[in-house]
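Asker: final24.cif is reproduced below (mmCIF, C-alpha atoms and all ligand atoms).
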```cif
data_coords
#
loop_
_atom_site.label_atom_id
_atom_site.label_comp_id
_atom_site.auth_asym_id
_atom_site.auth_seq_id
_atom_site.Cartn_x
_atom_site.Cartn_y
_atom_site.Cartn_z
CA MET Z 1 15.72 83.08 50.05
CA LEU Z 2 14.55 86.49 48.91
CA LEU Z 3 15.82 87.63 45.50
CA ALA Z 4 13.75 90.75 44.87
CA TRP Z 5 10.45 92.43 45.69
CA PHE Z 6 8.05 95.10 44.42
CA ASP Z 7 5.05 96.86 45.90
CA LEU Z 8 1.51 96.28 44.74
CA GLY Z 9 -1.49 98.48 45.57
CA ASP Z 10 -1.56 100.28 48.90
CA ALA Z 11 -0.39 97.65 51.35
CA ASP Z 12 0.62 94.53 49.40
CA ARG Z 13 4.04 93.43 48.27
CA VAL Z 14 5.21 90.76 45.84
CA PHE Z 15 8.34 88.90 46.90
CA VAL Z 16 10.43 86.89 44.47
CA PHE Z 17 11.84 83.98 46.43
CA PHE Z 18 14.34 81.35 45.42
CA THR Z 19 13.01 78.20 47.04
CA LYS Z 20 14.60 74.80 47.20
CA LYS Z 21 11.42 72.99 46.24
CA PHE Z 22 9.89 75.17 43.52
CA GLY Z 23 12.81 77.24 42.27
CA LYS Z 24 12.07 80.92 41.63
CA VAL Z 25 8.53 81.89 42.64
CA ALA Z 26 6.58 85.13 43.03
CA VAL Z 27 4.67 85.34 46.30
CA LYS Z 28 2.07 87.94 47.13
CA ALA Z 29 1.94 89.13 50.74
CA ARG Z 30 -1.36 90.84 51.45
CA GLY Z 31 -1.25 93.85 53.74
CA ILE Z 32 2.41 93.30 54.64
CA ARG Z 33 3.27 96.97 54.38
CA ARG Z 34 0.87 97.82 57.22
CA PRO Z 35 2.80 98.58 60.41
CA GLN Z 36 0.99 95.88 62.40
CA ALA Z 37 1.68 93.13 59.82
CA LYS Z 38 3.19 90.20 61.69
CA LEU Z 39 5.21 88.62 58.88
CA ARG Z 40 7.00 91.86 58.04
CA SER Z 41 9.94 91.34 60.34
CA GLN Z 42 10.63 87.80 59.14
CA ILE Z 43 11.35 88.55 55.51
CA ASP Z 44 14.49 90.27 54.30
CA PHE Z 45 17.49 89.71 52.06
CA PHE Z 46 20.34 87.44 53.18
CA ARG Z 47 18.36 84.97 55.25
CA VAL Z 48 16.80 81.58 54.87
CA VAL Z 49 13.07 81.84 55.52
CA GLU Z 50 10.65 78.98 55.95
CA LEU Z 51 7.56 79.89 53.96
CA GLU Z 52 3.96 78.80 54.17
CA LEU Z 53 2.24 79.34 50.83
CA ALA Z 54 -1.21 78.96 49.36
CA GLU Z 55 -1.87 78.61 45.64
CA GLY Z 56 -3.22 81.80 44.12
CA ARG Z 57 -4.35 82.84 40.65
CA SER Z 58 -1.24 84.69 39.44
CA PHE Z 59 1.00 84.43 42.50
CA TYR Z 60 1.37 82.18 45.49
CA ALA Z 61 -0.11 83.83 48.60
CA LEU Z 62 2.06 84.14 51.69
CA THR Z 63 0.36 82.73 54.77
CA GLY Z 64 3.34 82.25 57.07
CA ALA Z 65 7.08 83.00 57.27
CA VAL Z 66 9.76 82.23 59.86
CA ALA Z 67 13.38 83.33 59.49
CA LYS Z 68 15.57 80.27 60.09
CA GLU Z 69 19.07 81.47 59.34
CA VAL Z 70 20.26 85.05 59.10
CA TYR Z 71 23.55 85.98 57.42
CA SER Z 72 23.98 88.95 59.71
CA GLY Z 73 27.63 89.55 58.82
CA LEU Z 74 26.51 90.83 55.44
CA GLU Z 75 24.54 93.71 56.87
CA ASN Z 76 27.62 95.35 58.35
CA ASP Z 77 30.02 94.90 55.47
CA LEU Z 78 29.37 97.00 52.41
CA GLN Z 79 31.71 95.09 50.12
CA SER Z 80 30.33 91.64 50.96
CA ALA Z 81 26.77 92.99 50.82
CA SER Z 82 27.31 94.49 47.37
CA VAL Z 83 28.63 91.15 46.05
CA ALA Z 84 25.69 89.36 47.72
CA TYR Z 85 23.21 91.70 45.98
CA PHE Z 86 24.99 90.99 42.72
CA LEU Z 87 24.42 87.24 43.21
CA LEU Z 88 20.72 87.80 43.94
CA GLU Z 89 20.24 90.07 40.95
CA THR Z 90 22.05 87.64 38.67
CA LEU Z 91 19.71 84.83 39.72
CA THR Z 92 16.65 87.06 39.38
CA LYS Z 93 17.63 87.68 35.77
CA LEU Z 94 18.77 84.19 34.81
CA LEU Z 95 16.56 81.67 36.56
CA PRO Z 96 13.40 80.46 34.87
CA ASP Z 97 10.19 80.76 36.92
CA GLY Z 98 8.78 77.88 38.87
CA ALA Z 99 11.31 75.15 38.02
CA PRO Z 100 13.35 73.55 40.82
CA GLN Z 101 17.05 74.47 40.60
CA VAL Z 102 18.52 72.60 43.52
CA ALA Z 103 22.18 72.95 42.52
CA SER Z 104 21.84 76.72 42.02
CA TYR Z 105 19.97 76.97 45.30
CA HIS Z 106 22.83 75.32 47.19
CA LEU Z 107 25.33 77.44 45.29
CA LEU Z 108 23.60 80.63 46.42
CA ARG Z 109 23.25 79.49 50.00
CA GLY Z 110 26.88 78.40 50.27
CA SER Z 111 28.13 81.55 48.57
CA LEU Z 112 26.16 83.80 50.92
CA GLU Z 113 27.50 81.85 53.87
CA ALA Z 114 31.07 82.26 52.58
CA LEU Z 115 30.52 86.02 52.24
CA ASP Z 116 28.90 86.20 55.65
CA LYS Z 117 31.62 84.23 57.44
CA LYS Z 118 34.42 85.66 55.30
CA TYR Z 119 35.87 82.29 54.30
CA CYS Z 120 37.72 84.06 51.49
CA GLU Z 121 37.80 87.39 49.66
CA ALA Z 122 34.40 88.62 48.42
CA ASP Z 123 35.74 88.70 44.85
CA VAL Z 124 36.65 85.02 44.97
CA VAL Z 125 33.03 84.25 45.92
CA ARG Z 126 31.80 86.35 43.02
CA TYR Z 127 33.98 84.52 40.46
CA PHE Z 128 33.17 81.13 41.98
CA PHE Z 129 29.45 81.85 41.95
CA LEU Z 130 29.31 83.05 38.36
CA LEU Z 131 31.55 80.36 36.90
CA SER Z 132 29.74 77.61 38.79
CA LEU Z 133 26.31 78.96 37.86
CA TRP Z 134 27.42 79.13 34.24
CA GLN Z 135 28.40 75.47 34.46
CA ILE Z 136 25.18 74.43 36.22
CA LEU Z 137 23.05 76.14 33.59
CA GLY Z 138 24.95 74.21 30.97
CA TRP Z 139 26.58 77.14 29.15
CA GLY Z 140 30.00 77.04 30.77
CA LEU Z 141 33.51 76.51 29.47
CA SER Z 142 35.13 73.11 29.25
CA TRP Z 143 38.32 73.21 31.35
CA ASP Z 144 39.29 69.55 31.08
CA ARG Z 145 40.41 68.90 27.52
CA CYS Z 146 41.76 70.85 24.60
CA ALA Z 147 38.99 71.81 22.17
CA SER Z 148 41.06 70.55 19.20
CA CYS Z 149 43.30 67.63 20.13
CA ARG Z 150 41.31 66.54 23.22
CA THR Z 151 44.42 66.04 25.37
CA GLU Z 152 44.03 66.78 29.03
CA LEU Z 153 44.78 70.42 29.89
CA LYS Z 154 47.59 70.68 32.41
CA GLU Z 155 49.49 73.74 33.60
CA VAL Z 156 48.49 76.36 31.07
CA CYS Z 157 45.53 76.60 28.77
CA CYS Z 158 44.61 79.23 26.21
CA LEU Z 159 41.12 80.65 26.17
CA ASN Z 160 39.36 82.66 23.51
CA LEU Z 161 36.29 84.28 25.01
CA SER Z 162 34.40 85.24 21.89
CA GLU Z 163 34.59 81.61 20.73
CA GLU Z 164 34.23 80.27 24.30
CA ARG Z 165 36.85 77.62 23.57
CA ILE Z 166 39.94 76.46 25.39
CA TRP Z 167 43.02 74.92 23.76
CA CYS Z 168 46.34 73.47 24.82
CA GLU Z 169 49.35 75.66 24.02
CA LYS Z 170 50.25 73.65 20.93
CA CYS Z 171 46.82 73.91 19.31
CA ALA Z 172 46.54 77.58 20.30
CA THR Z 173 49.55 78.56 18.19
CA GLY Z 174 48.56 81.17 15.63
CA ARG Z 175 45.17 81.90 17.20
CA GLU Z 176 44.33 85.41 18.34
CA ASN Z 177 42.86 87.07 21.44
CA LEU Z 178 44.01 84.37 23.79
CA ILE Z 179 43.93 84.52 27.56
CA ARG Z 180 46.29 82.19 29.42
CA LEU Z 181 45.31 80.60 32.69
CA ASN Z 182 46.00 77.52 34.77
CA PRO Z 183 43.02 75.29 33.92
CA GLY Z 184 42.92 74.17 37.56
CA VAL Z 185 41.75 77.66 38.53
CA GLY Z 186 38.86 77.45 36.05
CA ARG Z 187 38.03 73.92 37.13
CA ASP Z 188 37.98 74.85 40.82
CA LEU Z 189 35.92 77.98 40.39
CA SER Z 190 33.36 76.36 38.12
CA SER Z 191 33.09 73.15 40.17
CA GLY Z 192 30.32 74.35 42.49
CA GLN Z 193 32.23 72.58 45.31
CA LEU Z 194 31.61 74.95 48.19
CA ASP Z 195 34.55 73.78 50.31
CA ILE Z 196 36.85 75.39 47.74
CA LEU Z 197 35.72 78.75 49.13
CA ARG Z 198 37.23 77.95 52.52
CA SER Z 199 40.80 78.22 51.35
CA ARG Z 200 40.91 79.63 47.86
CA GLN Z 201 43.15 82.56 47.12
CA LEU Z 202 43.81 84.09 43.74
CA SER Z 203 46.78 86.00 42.39
CA GLU Z 204 46.22 89.44 40.87
CA LEU Z 205 46.94 87.93 37.47
CA GLU Z 206 44.30 85.24 37.93
CA LYS Z 207 41.77 87.80 39.14
CA ASP Z 208 42.45 89.84 36.06
CA VAL Z 209 41.65 86.88 33.79
CA LEU Z 210 38.54 85.94 35.80
CA GLN Z 211 37.38 89.51 35.60
CA LYS Z 212 37.50 89.25 31.80
CA ILE Z 213 35.51 86.01 31.91
CA VAL Z 214 32.91 87.58 34.19
CA ARG Z 215 32.64 90.60 31.92
CA HIS Z 216 32.07 88.30 28.95
CA PHE Z 217 29.41 86.33 30.86
CA ARG Z 218 27.70 89.51 31.93
CA GLY Z 219 27.74 91.04 28.45
CA LYS Z 220 26.30 87.88 26.96
CA TYR Z 221 23.51 87.14 29.41
CA PHE Z 222 22.37 90.44 30.92
CA ASN Z 223 21.64 93.09 28.37
CA GLU Z 224 20.35 95.59 30.88
CA GLU Z 225 22.05 97.59 33.62
CA MET Z 226 22.31 95.91 36.99
CA LYS Z 227 21.46 97.90 40.09
CA SER Z 228 23.88 95.89 42.20
CA GLU Z 229 26.78 96.80 39.91
CA GLU Z 230 26.31 100.45 40.70
CA PHE Z 231 26.35 99.55 44.37
CA MET Z 232 29.42 97.38 43.86
CA ARG Z 233 31.25 100.19 42.09
CA PHE Z 234 30.45 102.39 45.05
CA ALA Z 235 31.43 99.76 47.64
CA CYS Z 236 34.51 98.25 45.99
CA GLY Z 237 35.61 100.75 43.39
CA LYS Z 238 35.11 98.16 40.63
CA SER Z 239 34.28 99.01 37.07
CA ASN Z 240 32.59 95.86 35.73
ZN ZN F 1 45.43 70.65 21.75
#
```
As structure tokens, please, write out the structure in this file.

Answerer:
Amino acid sequence: MLLAWFDLGDADRVFVFFTKKFGKVAVKARGIRRPQAKLRSQIDFFRVVELELAEGRSFYALTGAVAKEVYSGLENDLQSASVAYFLLETLTKLLPDGAPQVASYHLLRGSLEALDKKYCEADVVRYFFLLSLWQILGWGLSWDRCASCRTELKEVCCLNLSEERIWCEKCATGRENLIRLNPGVGRDLSSGQLDILRSRQLSELEKDVLQKIVRHFRGKYFNEEMKSEEFMRFACGKSN
């Protein structure tokens, strides 16, 4: 799946693909910007492309490409497309080069499909994707047990974002800057279980909390502006 691209020289282009087998790889396509280039029409965002690659010195060289699955619903829906671009840009920034990331690959594919087929609100996909990715990369929050007394978290848990810790109500007494949430929401959205996207709805209150978590994640891991956020602000009227 295509994450990003940039032009090189007069007619070449470098594509950054997220592949199942090799993870994130840069692929040079010679002459692809020429009008008669055959592979041109096969490669675009929001599709699964089967690639044929040859080893090169600094990049892989593209020798063949066939589009296998196209998420065409994304092209006609600005809001879903803006969230989809956000997912791609997030991965471009966070994934290491050339290391297989199978769980993240499936997460992206399933999330794009959910946006394409509108299994749930685009925002739910965005929260699910980020929380699950955070978990996959090993930096996420622990939603199962209280950080102090280790009892199982049930209906309400208390989260402090700057400490990235979650407590039961008893242990949270006296602590500051707490956000309260049903731990089941956090568990579901960070589970990476794609079938959750088929039915999940969120209350305005839950969205508000998730928004804060996403903002924290974003502030911590991306220190530069994201192009897709500008697009998202335009498409959805969002300010994160
Ligand atoms: Zn506790």

Asker: Can you work out the spacing between CA of Val83 (chain Z) and CA of Asp188 (chain Z) in Å, to one decimal?

Answerer: 19.5 Å

Asker: Compute the set of protein, DNA and RNA residues whose minimum atom distance to ligand ZN 1 (chain F) is at most 9 Å, using all atoms listed in the file, and state it as a PDB file with C-alpha atoms, in the coordinates of the input.

Answerer:
```
ATOM      1  CA  ARG Z 145      40.410  68.900  27.520  1.00  0.00           C
ATOM      2  CA  CYS Z 146      41.760  70.850  24.600  1.00  0.00           C
ATOM      3  CA  ALA Z 147      38.990  71.810  22.170  1.00  0.00           C
ATOM      4  CA  SER Z 148      41.060  70.550  19.200  1.00  0.00           C
ATOM      5  CA  CYS Z 149      43.300  67.630  20.130  1.00  0.00           C
ATOM      6  CA  ARG Z 150      41.310  66.540  23.220  1.00  0.00           C
ATOM      7  CA  THR Z 151      44.420  66.040  25.370  1.00  0.00           C
ATOM      8  CA  GLU Z 152      44.030  66.780  29.030  1.00  0.00           C
ATOM      9  CA  LEU Z 153      44.780  70.420  29.890  1.00  0.00           C
ATOM     10  CA  ILE Z 166      39.940  76.460  25.390  1.00  0.00           C
ATOM     11  CA  TRP Z 167      43.020  74.920  23.760  1.00  0.00           C
ATOM     12  CA  CYS Z 168      46.340  73.470  24.820  1.00  0.00           C
ATOM     13  CA  GLU Z 169      49.350  75.660  24.020  1.00  0.00           C
ATOM     14  CA  LYS Z 170      50.250  73.650  20.930  1.00  0.00           C
ATOM     15  CA  CYS Z 171      46.820  73.910  19.310  1.00  0.00           C
ATOM     16  CA  ALA Z 172      46.540  77.580  20.300  1.00  0.00           C
TER      17      ALA Z 172
END
```

Asker: Which one of Z:Leu159, Z:Val70, Z:Leu2, Z:Ile196 sits closest to Leu87 (chain Z) if you count only C-alpha atoms?

Answerer: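 Looking at the shortest contact to Leu87 (chain Z), the residue is Z:Leu2.
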
Asker: Write out as a PyMOL selection string each polymer residue whose atoms come within 10 Å of region 127-135 of chain Z, counting only C-alpha atoms; drop sequence neighbours fewer than 5 positions from it.

Answerer: chain Z and resi 87+90-91+94+103-105+107-108+110-112+122+140-142+185-194+196-197+200+207+210-211+213-214+217-218

Asker: Please provide the set of residues having any atom within 9 Å of Leu3 (chain Z), restricted to only C-alpha atoms, with same-chain residues fewer than 6 positions apart removed, written as a PyMOL selection string.

Answerer: chain Z and resi 15-18+24+45-46+85+87-89+91-92

Asker: By how many Å are CA of Gly23 (chain Z) and CA of Val102 (chain Z) apart?

Answerer: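 Result for CA of Gly23 (chain Z) versus CA of Val102 (chain Z): 7.5 Å, one decimal.
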
Asker: For the atom pair CA of Arg126 (chain Z) and CA of Asn182 (chain Z), what is the interatomic distance in Å to one decimal place?

Answerer: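 Straight-line distance from CA of Arg126 (chain Z) to CA of Asn182 (chain Z) works out to 18.6 Å.
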
Asker: So that I can check the surroundings of Ala61 (chain Z), please list as number ranges by chain every protein, DNA and RNA residue that reaches within 8 Å of it, counting only C-alpha atoms and ignoring chain neighbours fewer than 5 positions away.

Answerer: Z: 27-30, 53-56

Asker: Env of Asp116 (chain Z): 8 Å cut, atoms = only C-alpha atoms, seq-sep filter 4 positions within chain, self excluded. Answer as a list in words.

Answerer: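 Non-adjacent residues within range: Tyr71, Ser72, Gly73, Leu74, Ser80 and Leu112 of chain Z.
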
Asker: Include C-alpha atoms and write out the residues we just selected as an mmCIF file, keeping the file's coordinate frame.

Answerer:
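Dumped to result.cif:
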```
data_model
loop_
_atom_site.group_PDB
_atom_site.id
_atom_site.type_symbol
_atom_site.label_atom_id
_atom_site.label_comp_id
_atom_site.auth_asym_id
_atom_site.auth_seq_id
_atom_site.Cartn_x
_atom_site.Cartn_y
_atom_site.Cartn_z
ATOM 1 C CA TYR Z 71 23.550 85.980 57.420
ATOM 2 C CA SER Z 72 23.980 88.950 59.710
ATOM 3 C CA GLY Z 73 27.630 89.550 58.820
ATOM 4 C CA LEU Z 74 26.510 90.830 55.440
ATOM 5 C CA SER Z 80 30.330 91.640 50.960
ATOM 6 C CA LEU Z 112 26.160 83.800 50.920
#
```

Asker: Which residue, Z:Ile32, Z:Pro183, Z:Lys117, Z:Ser162, has the smallest gap to Trp143 (chain Z) when you use all atoms listed in the file?

Answerer: Z:Pro183

Asker: Ranking Z:Lys154, Z:Glu69, Z:Gln42, Z:Glu206 by minimum distance to Ile179 (chain Z) and counting all atoms listed in the file, which one comes first?

Answerer: Z:Glu206

Asker: Within 12 Å of (-1.1, 92.3, 57.8), in the coordinates the file gives, what residues turn up when you count only C-alpha atoms, written out as a ChimeraX atom specification?

Answerer: /Z:10-13,28-41,62-64

Asker: Could you give me the axis-aligned bounding box of region 151-170 of chain Z, with 8 Å of padding per side, as centre plus edge lengths in Å to one decimal, as JSON?

Answerer:
```
{"center_x": 42.2, "center_y": 75.6, "center_z": 27.2, "size_x": 32.0, "size_y": 35.2, "size_z": 28.9}
```

Asker: Between Z:Ala114, Z:Asn76, Z:Ala99, Z:Asp144, single out the one closest to Gly184 (chain Z), counting all atoms listed in the file.

Answerer: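 Of all the options, Z:Asp144 lies closest to Gly184 (chain Z).
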
Asker: Give me the residues near Asn160 (chain Z) as a list in words, where near means some atom within 8 Å (using all atoms listed in the file) and where sequence neighbours in that chain fewer than 2 positions away do not count.

Answerer: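 So, after excluding close chain neighbours, the residues are Cys158, Ser162, Glu163, Glu164, Arg165, Ile166, Glu176, Asn177, Leu178 and Ile179 of chain Z.
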
Asker: Of the candidates Z:Leu137, Z:Val48, Z:Val14, Z:Ala84, which one gets nearest to Tyr221 (chain Z) if we count all atoms listed in the file?

Answerer: Z:Leu137

Asker: Kindly provide, as a VMD selection string, the polymer residues lying within 12 Å of (23.2, 95.4, 34.0), counting only C-alpha atoms and using the coordinates exactly as they appear in the file.

Answerer: chain Z and resid 86 89 to 90 92 to 93 215 217 to 232 240

Asker: For Ser203 (chain Z), which of Z:Leu181, Z:Val49, Z:Ala4, Z:Val66 is the closest residue, counting all atoms listed in the file?

Answerer: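 Once distances to Ser203 (chain Z) are computed over all atoms listed in the file, the minimum belongs to Z:Leu181.
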